[in-house]
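**Student:** For reference, the structure I am asking about is given below.
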Amino acid sequence: MAPSSFSFCYSAVVLLCLCTVASAQLSPTFYNTSCPNVLSTIQTGIQAALQADSRMGASLLRMHFHDCFVQGCDGSVLLDDTANFTGEKTAFPNNNSLRGFEVIDALKSSVEALCPGVVSCADILAVAARDSVVALGGPTWTVPLGRRDSTTANISLANTNLPAPTLNLSDLITSFANQGLTTAEMVALSGGHTIGLARCVSYRDHIYNDSNINANYSASLRAICPFSSGDDVLAPLDVATNATFDNRYYTNLLSNQGLLHSDQELFNGGSTDAQVTSYTTNSTAFFADFTSAMIKMSSIGVVTGTSGQIRTSCRRVN
């Protein structure tokens, strides 16, 4: 084995071991005694948030993903910039794109009123993502709890670790592998794009420069997303049922109707075609794989024990 291959494999094994140790320190019953009503409180808050803004479910799921891929699921994505602190909100993948911070603020305030200084922002975000999926018709899963909040953020990692919408399949596989996630888990997690919207700046290259896109679909998108303007024009990631968490995202890929270049890469004559195809006729398998992958992702790089802190405000360190 070449030295570079050995280094990559060794790093992957170390990351897997660290994730396993961290996840072992989490427990779904972590707050049973210290804050027994925390889950119902978050669920009520999420239901109210989605009634006010149906897009919010997708936004919170995406925020959790963006948190976990940058120094782990530690709530670092929630930190604001200050005069002497740079957070992750102005990183290119997040700036003018991530939304829902005020919902997390409201959830934190409700939880703090119940149990001051007990429940972390990182845990609130992880549960909010799960409850958002459920509220939009998707599957549920048991969220391991006990994360603590970071006292740091990393804008550099946010700019490099978060997979761009322009990535090809091999780069997507590498991006997820760097977080200890398999190719199959990458395909399942990508199904989160069955809900939500994306900005023109994210899908412009695909609709103007790629050939693996349905001609009518491409024409409809070009009509709202000009070649050199309109960066913030929104389009549904799932052209069929973007407000419902289902398996239609994968069906869209079979007809070359993936909104992002990276979406369509999952079904483009490559190694993931079979998995995509299987999900189009088996939503049960997709839901099962998605929930398993979410549990694993939500355990990446968690801060536990006496490390980190329980922030009073999710936007700033104590």
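Residue numbering restarts at 1 in every chain; chains get A, B, ... in the order shown in the structure tokens, and ligands count up from 1 in that same order.
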Near Ser292 in chain A, within 10 Å and counting only C-alpha atoms, which residues show up once chain neighbours fewer than 4 positions away are dropped, as a PyMOL selection string?
**Tutor:** chain A and resi 141-142+185+188-189+286-288+296-297
**Student:** Please identify all polymer residues within 10 Å of Ser278 in chain A, counting only C-alpha atoms, omitting same-chain residues fewer than 6 positions from it, and present them as an MDAnalysis selection string.
**Tutor:** chainID A and resid 250:251 285:286
**Student:** Please list as a list in words every residue within 12 Å of Ser271 in chain A, counting only C-alpha atoms and excluding residues in the same chain fewer than 5 positions away.
**Tutor:** Leu169, Ser170, Ile173, Thr183, Ala184, Val187, Glu265, Leu266, Val276 and Thr277 of chain A
**Student:** With distances taken over only C-alpha atoms, which residue among A:Ser202, A:Ser132, A:Asn256, A:Thr151 lies nearest Leu50 in chain A?
**Tutor:** A:Ser132
**Student:** Determine, counting only C-alpha atoms, which protein, DNA and RNA residues have an atom within 12 Å of an atom of Ser34 in chain A; residues of the same chain fewer than 5 positions away are not included. Present the result as a list in words.
**Tutor:**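 My reading of the contact set: Thr29, Val111, Glu112, Leu114, Cys115, Pro116, Gly117, Val118, Val119 and Gly146 of chain A.
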**Student:** Given the selection you just returned, output its residues as a file containing all heavy atoms, formatted as a compact mmCIF listing (two decimals), in the first residue's frame.
**Tutor:**
# COMPACT_ATOMS: atom_id res chain seq x y z
N THR A 29 -31.56 9.16 26.88
CA THR A 29 -32.20 9.45 28.17
C THR A 29 -31.41 10.47 28.99
O THR A 29 -31.64 10.64 30.18
CB THR A 29 -32.34 8.15 28.99
OG1 THR A 29 -31.03 7.61 29.26
CG2 THR A 29 -33.16 7.11 28.25
N VAL A 111 -36.47 26.37 26.59
CA VAL A 111 -35.81 25.31 27.36
C VAL A 111 -35.12 25.89 28.59
O VAL A 111 -35.15 25.28 29.68
CB VAL A 111 -34.81 24.55 26.45
CG1 VAL A 111 -33.96 23.60 27.28
CG2 VAL A 111 -35.54 23.78 25.36
N GLU A 112 -34.51 27.06 28.45
CA GLU A 112 -33.86 27.70 29.59
C GLU A 112 -34.88 28.04 30.69
O GLU A 112 -34.56 27.99 31.88
CB GLU A 112 -33.13 28.97 29.16
CG GLU A 112 -31.80 28.71 28.46
CD GLU A 112 -30.76 28.12 29.40
OE1 GLU A 112 -30.45 28.74 30.43
OE2 GLU A 112 -30.28 27.00 29.11
N LEU A 114 -37.37 26.29 31.43
CA LEU A 114 -37.65 25.02 32.11
C LEU A 114 -36.49 24.57 32.98
O LEU A 114 -36.68 24.21 34.15
CB LEU A 114 -37.93 23.93 31.07
CG LEU A 114 -39.26 23.85 30.34
CD1 LEU A 114 -39.21 22.69 29.36
CD2 LEU A 114 -40.39 23.65 31.34
N CYS A 115 -35.30 24.57 32.37
CA CYS A 115 -34.13 23.97 33.00
C CYS A 115 -32.92 24.84 32.71
O CYS A 115 -32.17 24.55 31.76
CB CYS A 115 -33.90 22.56 32.45
SG CYS A 115 -35.39 21.59 32.18
N PRO A 116 -32.69 25.87 33.48
CA PRO A 116 -31.58 26.80 33.19
C PRO A 116 -30.22 26.10 33.22
O PRO A 116 -29.92 25.34 34.14
CB PRO A 116 -31.69 27.84 34.32
CG PRO A 116 -33.09 27.73 34.82
CD PRO A 116 -33.48 26.29 34.65
N GLY A 117 -29.43 26.34 32.16
CA GLY A 117 -28.06 25.86 32.13
C GLY A 117 -27.89 24.36 32.02
O GLY A 117 -26.84 23.83 32.38
N VAL A 118 -28.89 23.68 31.48
CA VAL A 118 -28.85 22.22 31.43
C VAL A 118 -28.71 21.68 30.00
O VAL A 118 -27.89 20.80 29.74
CB VAL A 118 -30.11 21.61 32.09
CG1 VAL A 118 -30.16 20.10 31.88
CG2 VAL A 118 -30.15 21.94 33.58
N VAL A 119 -29.50 22.19 29.08
CA VAL A 119 -29.58 21.63 27.73
C VAL A 119 -28.74 22.46 26.76
O VAL A 119 -28.89 23.68 26.69
CB VAL A 119 -31.04 21.58 27.24
CG1 VAL A 119 -31.11 20.95 25.84
CG2 VAL A 119 -31.90 20.78 28.22
N GLY A 146 -26.67 14.67 24.99
CA GLY A 146 -25.56 14.87 25.91
C GLY A 146 -24.42 15.66 25.30
O GLY A 146 -23.35 15.78 25.90
**Student:** List the spatial neighbours of Gly305 in chain A as a PyMOL selection string - criterion: any atom at most 8 Å away, only C-alpha atoms, same-chain residues fewer than 2 positions off excluded.
**Tutor:** chain A and resi 25+148+303+307
**Student:** Those residues with N, CA and C atoms, as a PDB file, in the first residue's frame please?
**Tutor:**
ATOM      1  N   GLN A  25     -20.774   8.172  24.550  1.00  0.00           N
ATOM      2  CA  GLN A  25     -21.001   9.056  25.684  1.00  0.00           C
ATOM      3  C   GLN A  25     -22.350   9.765  25.597  1.00  0.00           C
ATOM      4  N   ARG A 148     -22.303  18.896  24.354  1.00  0.00           N
ATOM      5  CA  ARG A 148     -22.068  20.199  24.942  1.00  0.00           C
ATOM      6  C   ARG A 148     -21.681  21.166  23.837  1.00  0.00           C
ATOM      7  N   VAL A 303     -18.858  17.261  21.592  1.00  0.00           N
ATOM      8  CA  VAL A 303     -18.195  17.681  22.822  1.00  0.00           C
ATOM      9  C   VAL A 303     -19.022  17.141  23.983  1.00  0.00           C
ATOM     10  N   SER A 307     -15.979  18.974  28.894  1.00  0.00           N
ATOM     11  CA  SER A 307     -15.443  19.836  27.838  1.00  0.00           C
ATOM     12  C   SER A 307     -16.528  20.805  27.369  1.00  0.00           C
TER      13      SER A 307
END
**Student:** Calculate how many Å separate CA of Val103 in chain A from CA of Asp74 in chain A, rounding to one decimal.
**Tutor:** 17.4 Å
**Student:** Can you pull out every residue within 12 Å of Phe245 in chain A, counting only C-alpha atoms, but drop anything in the same chain fewer than 6 positions away, and send it as a list in words?
**Tutor:** Arg55, Gly57, Ala58, Leu61, Arg130, Asp131, Ser132, Val133, Val134, Ala135, Leu136, Gly137, Gly138, Pro139, Thr140, Gly191, Gly192, His193, Thr194, Ile195, Gly196, Leu237, Asp238, Ser283, Phe286, Phe287 and Phe290 of chain A
**Student:** Under the rule that only C-alpha atoms are counted, which of A:Leu26, A:Met56, A:Ala274, A:Leu259 is the nearest residue to Pro144 in chain A?
**Tutor:** A:Leu26
**Student:** Which residue, A:Phe65, A:Phe92, A:Tyr217, A:Phe227, has the smallest gap to Ser190 in chain A when you use only C-alpha atoms?
**Tutor:** A:Phe65
**Student:** How many Å lie between CA of Ala113 in chain A and CA of Tyr31 in chain A, rounded to one decimal?
**Tutor:**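 Taking CA of Ala113 in chain A as the start and CA of Tyr31 in chain A as the end point, the length is 14.9 Å.
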**Student:** Could you go through range 96-299 of chain A and tell me which residues DSSP, when run on the backbone, assigns to strand (DSSP E or B), listing them as a PyMOL selection string?
**Tutor:** chain A and resi 145+148-149+197-199+234-236
**Student:** Compare A:Gln179, A:Thr44, A:Gln257, A:Ser97 by their minimum atom-to-atom distance to Leu197 in chain A, counting only C-alpha atoms, and give me the closest one.
**Tutor:**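 Smallest separation from Leu197 in chain A among the options: A:Ser97.
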**Student:** Could you tell me how far CA of Gln51 in chain A sits from CA of Asp246 in chain A, in Å to one decimal place?
**Tutor:**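 Result for CA of Asp246 in chain A versus CA of Gln51 in chain A: 19.2 Å, one decimal.
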**Student:** Rank A:Leu145, A:Ile104, A:Cys200, A:Ala91 by their smallest atom-to-atom distance to Ser228 in chain A, using only C-alpha atoms, and report the top residue only.
**Tutor:** A:Cys200
